[in-house]
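Chemist: Input file: target.tsv. Contents: TSV, C-alpha atoms.
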chain	number	residue	atom	x	y	z
A	1	MET	CA	7.96	36.95	16.31
A	2	ASN	CA	6.81	33.52	15.33
A	3	GLN	CA	8.96	31.35	13.20
A	4	THR	CA	7.50	30.38	9.84
A	5	ILE	CA	5.91	26.95	9.96
A	6	ARG	CA	6.94	24.79	7.04
A	7	VAL	CA	4.31	22.42	5.74
A	8	ALA	CA	4.85	19.86	2.98
A	9	VAL	CA	1.64	19.44	1.00
A	10	ILE	CA	1.77	15.92	-0.38
A	11	ILE	CA	-0.23	15.53	-3.56
A	12	PRO	CA	-0.34	11.94	-4.84
A	13	ALA	CA	-1.06	12.06	-8.56
A	14	TYR	CA	-1.96	9.25	-10.92
A	15	ASN	CA	-3.07	10.45	-14.35
A	16	GLU	CA	-4.07	13.89	-13.06
A	17	GLU	CA	-2.89	15.99	-16.01
A	18	ALA	CA	-6.24	17.81	-16.13
A	19	SER	CA	-6.19	19.10	-12.56
A	20	ILE	CA	-2.67	18.97	-11.13
A	21	ALA	CA	-1.57	22.44	-12.27
A	22	SER	CA	-4.57	24.15	-10.65
A	23	VAL	CA	-4.14	22.12	-7.44
A	24	VAL	CA	-0.49	23.22	-7.18
A	25	SER	CA	-1.35	26.87	-7.76
A	26	ALA	CA	-4.18	26.65	-5.21
A	27	VAL	CA	-1.62	25.41	-2.67
A	28	HIS	CA	0.62	28.40	-3.39
A	29	ALA	CA	-2.38	30.70	-3.05
A	30	ALA	CA	-3.12	29.30	0.42
A	31	SER	CA	0.49	29.80	1.55
A	32	SER	CA	1.22	32.74	3.82
A	33	ASP	CA	4.05	34.28	5.84
A	34	ASN	CA	3.06	32.30	8.92
A	35	ILE	CA	2.50	29.00	7.19
A	36	GLN	CA	4.68	28.27	4.24
A	37	LEU	CA	3.19	25.54	2.04
A	38	THR	CA	5.45	23.52	-0.25
A	39	PRO	CA	3.63	21.37	-2.80
A	40	VAL	CA	5.21	17.92	-3.06
A	41	VAL	CA	3.69	16.12	-6.04
A	42	VAL	CA	4.21	12.36	-6.06
A	43	ASN	CA	3.65	11.13	-9.59
A	44	ASP	CA	2.73	7.47	-9.21
A	45	CYS	CA	4.03	6.44	-12.65
A	46	SER	CA	1.19	8.16	-14.51
A	47	LYS	CA	0.52	7.10	-18.08
A	48	ASP	CA	-0.50	10.60	-19.20
A	49	SER	CA	1.57	13.80	-19.24
A	50	THR	CA	1.49	14.38	-15.45
A	51	ARG	CA	5.24	13.92	-15.30
A	52	GLU	CA	5.97	16.58	-17.93
A	53	ILE	CA	3.46	19.00	-16.39
A	54	ILE	CA	4.82	18.80	-12.84
A	55	GLY	CA	8.35	19.26	-14.20
A	56	THR	CA	7.37	22.77	-15.28
A	57	LEU	CA	5.45	23.68	-12.10
A	58	ASN	CA	6.83	25.35	-9.01
A	59	CYS	CA	6.72	22.24	-6.83
A	60	VAL	CA	8.80	19.35	-5.58
A	61	ALA	CA	8.33	16.61	-8.18
A	62	LEU	CA	8.82	13.04	-7.05
A	63	ASN	CA	8.47	10.61	-9.95
A	64	LEU	CA	8.02	6.98	-8.99
A	65	PRO	CA	9.50	4.57	-11.55
A	66	ILE	CA	6.72	2.01	-10.94
A	67	ASN	CA	3.11	2.33	-9.84
A	68	LEU	CA	2.91	1.82	-6.09
A	69	GLY	CA	-0.71	2.74	-5.43
A	70	ILE	CA	-1.95	5.55	-3.24
A	71	GLY	CA	-0.35	4.35	0.01
A	72	GLY	CA	3.12	3.90	-1.47
A	73	ALA	CA	2.88	7.29	-3.17
A	74	VAL	CA	1.81	9.11	-0.01
A	75	GLN	CA	4.54	7.37	1.98
A	76	THR	CA	7.11	8.66	-0.53
A	77	GLY	CA	5.89	12.17	0.22
A	78	ILE	CA	6.03	11.53	3.97
A	79	LYS	CA	9.63	10.33	3.63
A	80	TYR	CA	10.51	13.48	1.68
A	81	ALA	CA	8.86	15.73	4.27
A	82	PHE	CA	10.56	13.98	7.18
A	83	ASP	CA	14.01	13.90	5.55
A	84	ASN	CA	13.80	17.58	4.64
A	85	GLY	CA	12.85	18.80	8.07
A	86	PHE	CA	9.29	19.95	7.49
A	87	ASP	CA	7.32	20.72	10.66
A	88	PHE	CA	4.14	19.17	9.33
A	89	CYS	CA	2.94	17.41	6.26
A	90	VAL	CA	-0.57	17.26	4.90
A	91	GLN	CA	-1.99	15.08	2.20
A	92	ILE	CA	-4.44	16.44	-0.34
A	93	ASP	CA	-5.84	14.74	-3.43
A	94	GLY	CA	-4.48	15.49	-6.88
A	95	ASP	CA	-7.95	15.82	-8.36
A	96	GLY	CA	-8.94	19.02	-6.59
A	97	GLN	CA	-11.30	17.48	-3.99
A	98	HIS	CA	-9.52	19.10	-1.06
A	99	PRO	CA	-9.41	22.90	-1.04
A	100	PRO	CA	-5.95	23.97	0.23
A	101	GLN	CA	-7.37	26.99	2.09
A	102	PHE	CA	-8.37	24.53	4.84
A	103	ILE	CA	-4.72	23.56	5.46
A	104	PRO	CA	-4.07	26.48	7.87
A	105	VAL	CA	-7.32	25.54	9.65
A	106	LEU	CA	-6.06	21.98	10.13
A	107	GLU	CA	-2.72	23.29	11.39
A	108	LYS	CA	-4.38	25.62	13.90
A	109	GLN	CA	-6.57	22.84	15.33
A	110	LEU	CA	-3.70	20.35	15.43
A	111	VAL	CA	-1.53	22.72	17.46
A	112	ALA	CA	-4.37	24.02	19.66
A	113	ASN	CA	-5.57	20.54	20.64
A	114	ASN	CA	-2.09	19.06	20.90
A	115	TRP	CA	-2.97	16.40	18.31
A	116	ASP	CA	-0.51	14.34	16.32
A	117	VAL	CA	-2.88	14.05	13.37
A	118	ALA	CA	-5.68	16.34	12.21
A	119	ILE	CA	-8.22	14.85	9.81
A	120	GLY	CA	-10.37	16.97	7.54
A	121	SER	CA	-13.96	15.75	7.71
A	122	ARG	CA	-16.82	16.49	5.36
A	123	TYR	CA	-19.43	15.08	7.69
A	124	ILE	CA	-19.17	17.21	10.82
A	125	GLU	CA	-20.90	20.28	9.46
A	126	LYS	CA	-22.22	18.48	6.38
A	127	GLU	CA	-21.31	21.28	4.04
A	128	GLY	CA	-19.90	21.03	0.55
A	129	PHE	CA	-19.74	17.87	-1.55
A	130	GLN	CA	-21.19	14.94	0.44
A	131	SER	CA	-20.25	12.05	-1.88
A	132	THR	CA	-22.57	9.28	-3.05
A	133	PHE	CA	-25.05	7.35	-0.90
A	134	MET	CA	-23.06	4.11	-1.23
A	135	ARG	CA	-19.86	5.80	-0.20
A	136	ARG	CA	-21.52	7.38	2.84
A	137	THR	CA	-23.00	4.04	3.89
A	138	GLY	CA	-19.54	2.50	3.74
A	139	ILE	CA	-18.11	5.34	5.78
A	140	GLN	CA	-20.81	4.84	8.44
A	141	TYR	CA	-19.90	1.16	8.61
A	142	PHE	CA	-16.25	2.07	9.20
A	143	GLN	CA	-17.30	4.60	11.80
A	144	LEU	CA	-19.03	1.81	13.74
A	145	LEU	CA	-16.11	-0.60	13.30
A	146	LEU	CA	-13.57	2.00	14.43
A	147	LYS	CA	-15.74	2.97	17.36
A	148	LEU	CA	-15.85	-0.68	18.47
A	149	ILE	CA	-12.10	-1.13	18.17
A	150	THR	CA	-10.66	2.21	19.22
A	151	GLY	CA	-13.54	3.76	21.12
A	152	GLU	CA	-13.11	6.93	19.08
A	153	THR	CA	-15.60	8.45	16.70
A	154	VAL	CA	-14.30	9.28	13.28
A	155	THR	CA	-17.00	10.61	10.98
A	156	ASP	CA	-14.87	10.66	7.82
A	157	SER	CA	-12.49	7.72	8.09
A	158	THR	CA	-11.77	7.60	4.37
A	159	SER	CA	-10.78	11.26	4.18
A	160	GLY	CA	-7.35	11.59	2.65
A	161	MET	CA	-6.97	15.16	3.87
A	162	ARG	CA	-4.78	14.71	6.91
A	163	MET	CA	-2.13	16.79	8.57
A	164	MET	CA	0.51	15.15	10.74
A	165	ASN	CA	3.43	16.18	12.89
A	166	ARG	CA	6.97	14.80	12.76
A	167	LYS	CA	6.23	12.13	15.35
A	168	THR	CA	3.55	10.68	13.08
A	169	MET	CA	5.74	11.05	9.99
A	170	LYS	CA	8.46	9.02	11.69
A	171	LEU	CA	5.97	6.27	12.49
A	172	LEU	CA	4.55	6.13	8.96
A	173	TYR	CA	8.06	6.26	7.48
A	174	ALA	CA	8.48	2.68	8.66
A	175	TYR	CA	5.06	1.36	7.70
A	176	TYR	CA	2.15	2.70	5.72
A	177	PRO	CA	-0.47	0.50	4.03
A	178	ASP	CA	-0.34	0.25	0.23
A	179	GLU	CA	-3.98	0.07	-0.71
A	180	TYR	CA	-6.79	2.13	0.78
A	181	PRO	CA	-4.57	3.29	3.65
A	182	GLU	CA	-6.86	5.85	5.31
A	183	PRO	CA	-9.10	3.80	7.67
A	184	GLU	CA	-6.22	1.43	8.50
A	185	ALA	CA	-3.92	4.34	9.35
A	186	LEU	CA	-6.39	5.40	12.07
A	187	ILE	CA	-5.81	2.08	13.84
A	188	ILE	CA	-2.05	2.57	13.47
A	189	TYR	CA	-2.36	5.97	15.17
A	190	ASN	CA	-4.53	4.50	17.89
A	191	ARG	CA	-2.26	1.53	18.56
A	192	ASN	CA	0.79	3.77	18.77
A	193	GLY	CA	-0.79	6.18	21.20
A	194	LEU	CA	-1.07	9.10	18.79
A	195	LYS	CA	-3.76	11.66	19.37
A	196	PHE	CA	-5.98	12.56	16.45
A	197	GLY	CA	-9.10	14.55	15.87
A	198	GLU	CA	-11.33	15.79	13.10
A	199	VAL	CA	-11.71	19.27	11.73
A	200	PRO	CA	-14.73	20.27	9.65
A	201	VAL	CA	-13.76	21.03	6.07
A	202	GLN	CA	-15.60	21.32	2.80
A	203	MET	CA	-14.67	19.18	-0.13
A	204	ASN	CA	-15.37	19.56	-3.82
A	205	GLU	CA	-16.38	17.09	-6.43
A	206	ARG	CA	-13.35	15.80	-8.30
A	207	MET	CA	-12.28	17.98	-11.23
A	208	GLY	CA	-10.92	15.12	-13.26
A	209	GLY	CA	-10.03	11.44	-13.05
A	210	GLN	CA	-12.08	8.65	-11.50
A	211	SER	CA	-12.39	7.32	-7.98
A	212	SER	CA	-10.34	4.22	-7.37
A	213	ILE	CA	-13.34	2.76	-5.54
A	214	ARG	CA	-16.23	1.80	-7.82
A	215	GLY	CA	-18.30	-1.21	-8.85
A	216	PHE	CA	-16.90	-4.51	-7.66
A	217	GLY	CA	-13.94	-2.59	-6.26
A	218	ALA	CA	-16.24	-1.25	-3.55
A	219	VAL	CA	-16.95	-4.75	-2.24
A	220	TYR	CA	-13.25	-5.56	-2.30
A	221	TYR	CA	-12.55	-2.25	-0.56
A	222	MET	CA	-14.92	-3.02	2.32
A	223	PHE	CA	-13.55	-6.52	2.72
A	224	LYS	CA	-9.90	-5.54	2.48
A	225	VAL	CA	-10.21	-2.61	4.86
A	226	THR	CA	-12.17	-4.65	7.43
A	227	ILE	CA	-9.47	-7.36	7.40
A	228	ALA	CA	-6.73	-4.74	7.55
A	229	ILE	CA	-8.36	-2.93	10.47
A	230	ILE	CA	-8.75	-6.11	12.50
A	231	PHE	CA	-5.23	-7.37	11.82
A	232	THR	CA	-3.62	-4.00	12.40
A	233	TYR	CA	-5.42	-3.93	15.73
A	234	LEU	CA	-4.13	-7.41	16.60
A	235	ARG	CA	-0.57	-6.72	15.49
A	236	GLN	CA	0.98	-5.35	18.68
B	1	MET	CA	8.61	-53.60	-14.80
B	2	GLU	CA	5.31	-52.39	-16.18
B	3	ARG	CA	4.85	-49.86	-18.93
B	4	ILE	CA	3.42	-47.18	-16.63
B	5	GLN	CA	6.45	-47.47	-14.36
B	6	ILE	CA	8.82	-46.88	-17.25
B	7	ILE	CA	6.79	-43.88	-18.41
B	8	ALA	CA	6.73	-42.45	-14.87
B	9	ILE	CA	10.46	-42.94	-14.39
B	10	ILE	CA	11.30	-41.34	-17.75
B	11	GLY	CA	8.94	-38.44	-16.98
B	12	SER	CA	10.48	-37.86	-13.55
B	13	LEU	CA	14.01	-38.02	-14.91
B	14	CYS	CA	13.15	-35.50	-17.64
B	15	PHE	CA	11.72	-33.20	-14.97
B	16	LEU	CA	14.85	-33.62	-12.83
B	17	GLY	CA	17.02	-32.89	-15.87
B	18	TYR	CA	15.06	-29.73	-16.62
B	19	VAL	CA	15.35	-28.49	-13.02
B	20	MET	CA	19.10	-29.13	-12.99
B	21	TRP	CA	19.49	-27.37	-16.33
B	22	GLN	CA	17.72	-24.30	-14.93
B	23	ILE	CA	20.05	-24.29	-11.88
B	24	LYS	CA	23.08	-24.61	-14.15
B	25	LYS	CA	21.92	-21.60	-16.17
B	26	GLY	CA	21.57	-19.70	-12.89
B	27	LYS	CA	17.86	-19.08	-13.45
B	28	LEU	CA	16.62	-21.04	-10.45
B	29	ARG	CA	17.96	-20.36	-6.99
B	30	GLU	CA	19.25	-23.42	-5.16
B	31	GLU	CA	16.90	-22.99	-2.21
B	32	TYR	CA	13.89	-23.35	-4.53
B	33	ALA	CA	15.60	-26.06	-6.56
B	34	PHE	CA	15.97	-28.14	-3.41
B	35	ILE	CA	12.25	-28.70	-3.03
B	36	TRP	CA	11.87	-29.60	-6.72
B	37	ILE	CA	14.73	-32.09	-6.64
B	38	LEU	CA	13.32	-33.60	-3.48
B	39	SER	CA	9.83	-34.04	-4.97
B	40	THR	CA	11.28	-35.53	-8.17
B	41	PHE	CA	13.24	-37.96	-6.02
B	42	VAL	CA	10.04	-39.01	-4.23
B	43	LEU	CA	8.32	-39.53	-7.60
B	44	ILE	CA	11.16	-41.75	-8.85
B	45	VAL	CA	11.16	-43.82	-5.68
B	46	LEU	CA	7.40	-44.31	-5.93
B	47	SER	CA	7.61	-45.33	-9.61
B	48	VAL	CA	10.40	-47.86	-9.05
B	49	TRP	CA	9.15	-49.29	-5.78
B	50	ARG	CA	5.43	-49.66	-6.36
B	51	ASN	CA	4.68	-51.29	-3.02
B	52	ALA	CA	5.99	-48.25	-1.13
B	53	LEU	CA	2.73	-46.37	-1.56
B	54	GLU	CA	0.68	-49.32	-0.32
B	55	ILE	CA	2.90	-49.78	2.72
B	56	LEU	CA	2.67	-46.05	3.53
B	57	ALA	CA	-1.11	-46.05	3.03
B	58	HIS	CA	-1.45	-49.01	5.33
B	59	THR	CA	0.73	-47.33	7.97
B	60	PHE	CA	-1.43	-44.18	7.91
B	61	GLY	CA	-4.64	-46.18	7.80
B	62	VAL	CA	-5.68	-44.96	4.35
B	63	ILE	CA	-7.88	-47.48	2.54
B	64	ALA	CA	-7.18	-46.48	-1.09
B	65	PRO	CA	-3.42	-45.83	-1.53
B	66	PRO	CA	-3.78	-43.27	-4.39
B	67	ASN	CA	-5.77	-41.04	-2.01
B	68	LEU	CA	-2.72	-40.77	0.22
B	69	LEU	CA	-0.70	-39.69	-2.78
B	70	PHE	CA	-3.25	-37.05	-3.79
B	71	ALA	CA	-3.66	-35.75	-0.25
B	72	GLY	CA	0.10	-35.60	0.29
B	73	ALA	CA	0.76	-33.90	-3.03
B	74	LEU	CA	-2.03	-31.37	-2.50
B	75	PHE	CA	-0.77	-30.53	0.96
B	76	ALA	CA	2.79	-30.09	-0.29
B	77	VAL	CA	1.59	-27.81	-3.09
B	78	LEU	CA	-0.44	-25.71	-0.64
B	79	ILE	CA	2.52	-25.26	1.68
B	80	TYR	CA	4.72	-24.31	-1.23
B	81	LEU	CA	2.16	-21.81	-2.51
B	82	LEU	CA	1.99	-20.19	0.90
B	83	HIS	CA	5.76	-19.95	0.90
B	84	LEU	CA	5.64	-18.27	-2.52
B	85	SER	CA	3.00	-15.79	-1.32
B	86	LEU	CA	5.24	-14.86	1.57
B	87	THR	CA	8.18	-14.43	-0.79
B	88	VAL	CA	6.12	-12.24	-3.13
B	89	SER	CA	4.94	-10.08	-0.21
B	90	LYS	CA	8.51	-9.56	0.91
B	91	LEU	CA	9.66	-8.75	-2.61
B	92	GLN	CA	6.79	-6.29	-3.03
B	93	TYR	CA	7.82	-4.47	0.15
B	94	GLU	CA	11.46	-4.34	-0.92
B	95	ASN	CA	10.47	-3.24	-4.40
B	96	LYS	CA	8.36	-0.42	-2.98
B	97	THR	CA	11.16	0.81	-0.75
B	98	LEU	CA	13.59	0.81	-3.68
B	99	ALA	CA	11.17	2.71	-5.92
B	100	GLN	CA	10.64	5.34	-3.23
B	101	GLU	CA	14.38	5.75	-2.62
B	102	LEU	CA	14.86	6.11	-6.36
B	103	ALA	CA	12.21	8.83	-6.68
B	104	LEU	CA	13.71	10.74	-3.72
B	105	LEU	CA	17.24	10.47	-5.13
B	106	LYS	CA	16.15	11.55	-8.62
B	107	GLN	CA	14.55	14.63	-7.12
B	108	LYS	CA	17.78	15.44	-5.26
B	109	ILE	CA	19.83	15.14	-8.45
B	110	ASP	CA	17.37	17.22	-10.49
B	111	LYS	CA	17.52	19.94	-7.85
B	112	LYS	CA	21.34	19.97	-7.92
B	113	GLU	CA	21.42	20.11	-11.71
B	114	LYS	CA	19.01	23.03	-11.83
B	115	ALA	CA	20.99	25.00	-9.23
Once more with this new file: its structure as structure tokens, please.

Modeler:
Amino acid sequence: MNQTIRVAVIIPAYNEEASIASVVSAVHAASSDNIQLTPVVVNDCSKDSTREIIGTLNCVALNLPINLGIGGAVQTGIKYAFDNGFDFCVQIDGDGQHPPQFIPVLEKQLVANNWDVAIGSRYIEKEGFQSTFMRRTGIQYFQLLLKLITGETVTDSTSGMRMMNRKTMKLLYAYYPDEYPEPEALIIYNRNGLKFGEVPVQMNERMGGQSSIRGFGAVYYMFKVTIAIIFTYLRQ
Amino acid sequence: MERIQIIAIIGSLCFLGYVMWQIKKGKLREEYAFIWILSTFVLIVLSVWRNALEILAHTFGVIAPPNLLFAGALFAVLIYLLHLSLTVSKLQYENKTLAQELALLKQKIDKKEKA
């Protein structure tokens, strides 16, 4: 008989009072005897009632005393998962964009292909919510940049839905970017010899909250991530 | 001594006094105070000994002496700003690590209390 696989589902939450309860219950619904999913909500010093809500939910509640941004929040979850002996951890958004029923799919592909990281991609089968035109253009630009640097094709480099094994957790325990960590993390994997691949998933439109990338922020995002990708590549 | 020299010396001394007062109160760390005391000292020397700037400018081959002063001061400020950026980056990293540890510890305590 197989041992139960324990997966920490890291849910970074900043002002997600509208959606967090349903995301946590969706995680429980996707849990099974083979794959046990533990929701780990990282409240990034929300200004709304996220803190009170997650206190009443059946989940691990990590409340940050100051706002660290998405990267710092996710890293907190990774530290929790690593310290508590989880086999894998997976990050999903607190706004309901990532359906938890795809978590077992990610796990299956990660194990079958002997990957260290499995990335959920919206753009392989092009089903479900496809995001805005601007966002897709940016993602195509990153795809080209990553291809040039790593030689690998990543169709959804900004996807936050990622599952990782303990080897990857240990690496990211020491360093994980603060802002817009997703594309930069791919270079970190590549530079440290980790194997990663993409798994087709469907994503939803956010249930609540606002994207952190909009307006002038988009320009800053492109610039910051490009710089980060190049310097992360040059680091070792 | 000309009027501007007296004003400059008084200004520099006031600045020096303020820096020392902040160190005495323990609000300014000595390693940062060092650079401020040093620059005040340079200012006092330049106000008392007016020819110093001209001699220096001549040595470096600068035609207008005040330009040397501006260039030197600007360069010093830039270096110091870079140093501060590095300090802030380090503090930010340490701050982040502390916040994360705190959140993880709080969760551990909450779990114990509930059990």

Chemist: Go ahead and compute the interatomic distance for atom CA of Arg6 of chain A and atom CA of Phe88 of chain A, in Å to one decimal.

Modeler: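 Going from atom CA of Arg6 of chain A over to atom CA of Phe88 of chain A, I get 6.7 Å.
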
Chemist: Counting only C-alpha atoms, figure out which residue out of B:Lys108, B:Phe15, B:Glu113, B:Gln100 gets nearest to chain A.

Modeler: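 That would be B:Gln100, the residue with the smallest distance to chain A.
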
Chemist: Identify every residue of chain B that has at least one atom within 8 Å of any atom of chain A, counting all atoms listed in the file, and report the result as a ChimeraX atom specification.

Modeler: /B:96,99-100,102-104,106-107

Chemist: Report, in Å to a single decimal, how far apart atom CA of Ile11 of chain A and atom CA of Ile92 of chain A are.

Modeler: 5.4 Å

Chemist: Might you pull out every residue within 8 Å of segment 27-40 of chain A, with all atoms listed in the file counted and same-chain residues fewer than 4 positions away left off, and present them as a ChimeraX atom specification?

Modeler: /A:2-11,23,59-62,77,100-101,103-104

Chemist: Work out how far atom CA of Asp87 of chain A is from atom CA of Ile187 of chain A, in Å to one decimal.

Modeler: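 Computing the Euclidean distance for atom CA of Ile187 of chain A and atom CA of Asp87 of chain A yields 23.0 Å.
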
Chemist: List every protein, DNA or RNA residue that has an atom no more than 8 Å from (10.0, -38.4, -11.8) in the file's coordinate frame, counting all atoms listed in the file, and report them as an NGL selection string.

Modeler: :B and (8-16 or 40-44 or 47)

Chemist: Find the spatial neighbours of Lys195 of chain A, counting all atoms listed in the file, within a cut-off of 10 Å - ignore same-chain residues fewer than 2 positions away - and output them as a list of chain:residue names.

Modeler: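 Listing them by chain and then by number gives A:Leu110, A:Asn113, A:Asn114, A:Trp115, A:Asp116, A:Val117, A:Ala118, A:Thr168, A:Leu186, A:Tyr189, A:Asn190, A:Asn192, A:Gly193, A:Gly197.
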
Chemist: Take every atom of segment 32-47 of chain A listed in the file, pad by 5 Å on each side, and give me the axis-aligned box centre and edge lengths in Å, one decimal, as JSON.

Modeler:
{"center_x": 3.0, "center_y": 20.4, "center_z": -4.6, "size_x": 14.9, "size_y": 37.8, "size_z": 37.0}

Chemist: Determine the nearest neighbour of Ala57 of chain B from the options B:Ala71, B:Leu38, B:Ile4, B:Val45, counting all atoms listed in the file.

Modeler: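 Looking only at the distances to Ala57 of chain B, the closest residue turns out to be B:Ala71.
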
Chemist: Closest to Arg50 of chain B among B:Pro66, B:Leu78, B:Met20, B:Leu84, using all atoms listed in the file?

Modeler: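 Smallest distance to Arg50 of chain B is found for B:Pro66.
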
Chemist: Kindly indicate which residue among B:Tyr32, B:Arg3, B:Ser39, B:Tyr18 lies nearest to Thr87 of chain B, using only C-alpha atoms for the distances.

Modeler: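 The answer is B:Tyr32, which sits nearest to Thr87 of chain B.
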
Chemist: With all atoms listed in the file as the basis for distance, which of B:Ala64, B:Val88, B:Leu28, B:Ile6 is at the shortest distance from Leu46 of chain B?

Modeler: B:Ile6

Chemist: Measuring atom to atom with only C-alpha atoms, identify which of A:Leu171, A:Arg191, A:Gln91, A:Glu205 is nearest to Ser159 of chain A.

Modeler: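 Using only C-alpha atoms, Ser159 of chain A sits closest to A:Gln91.
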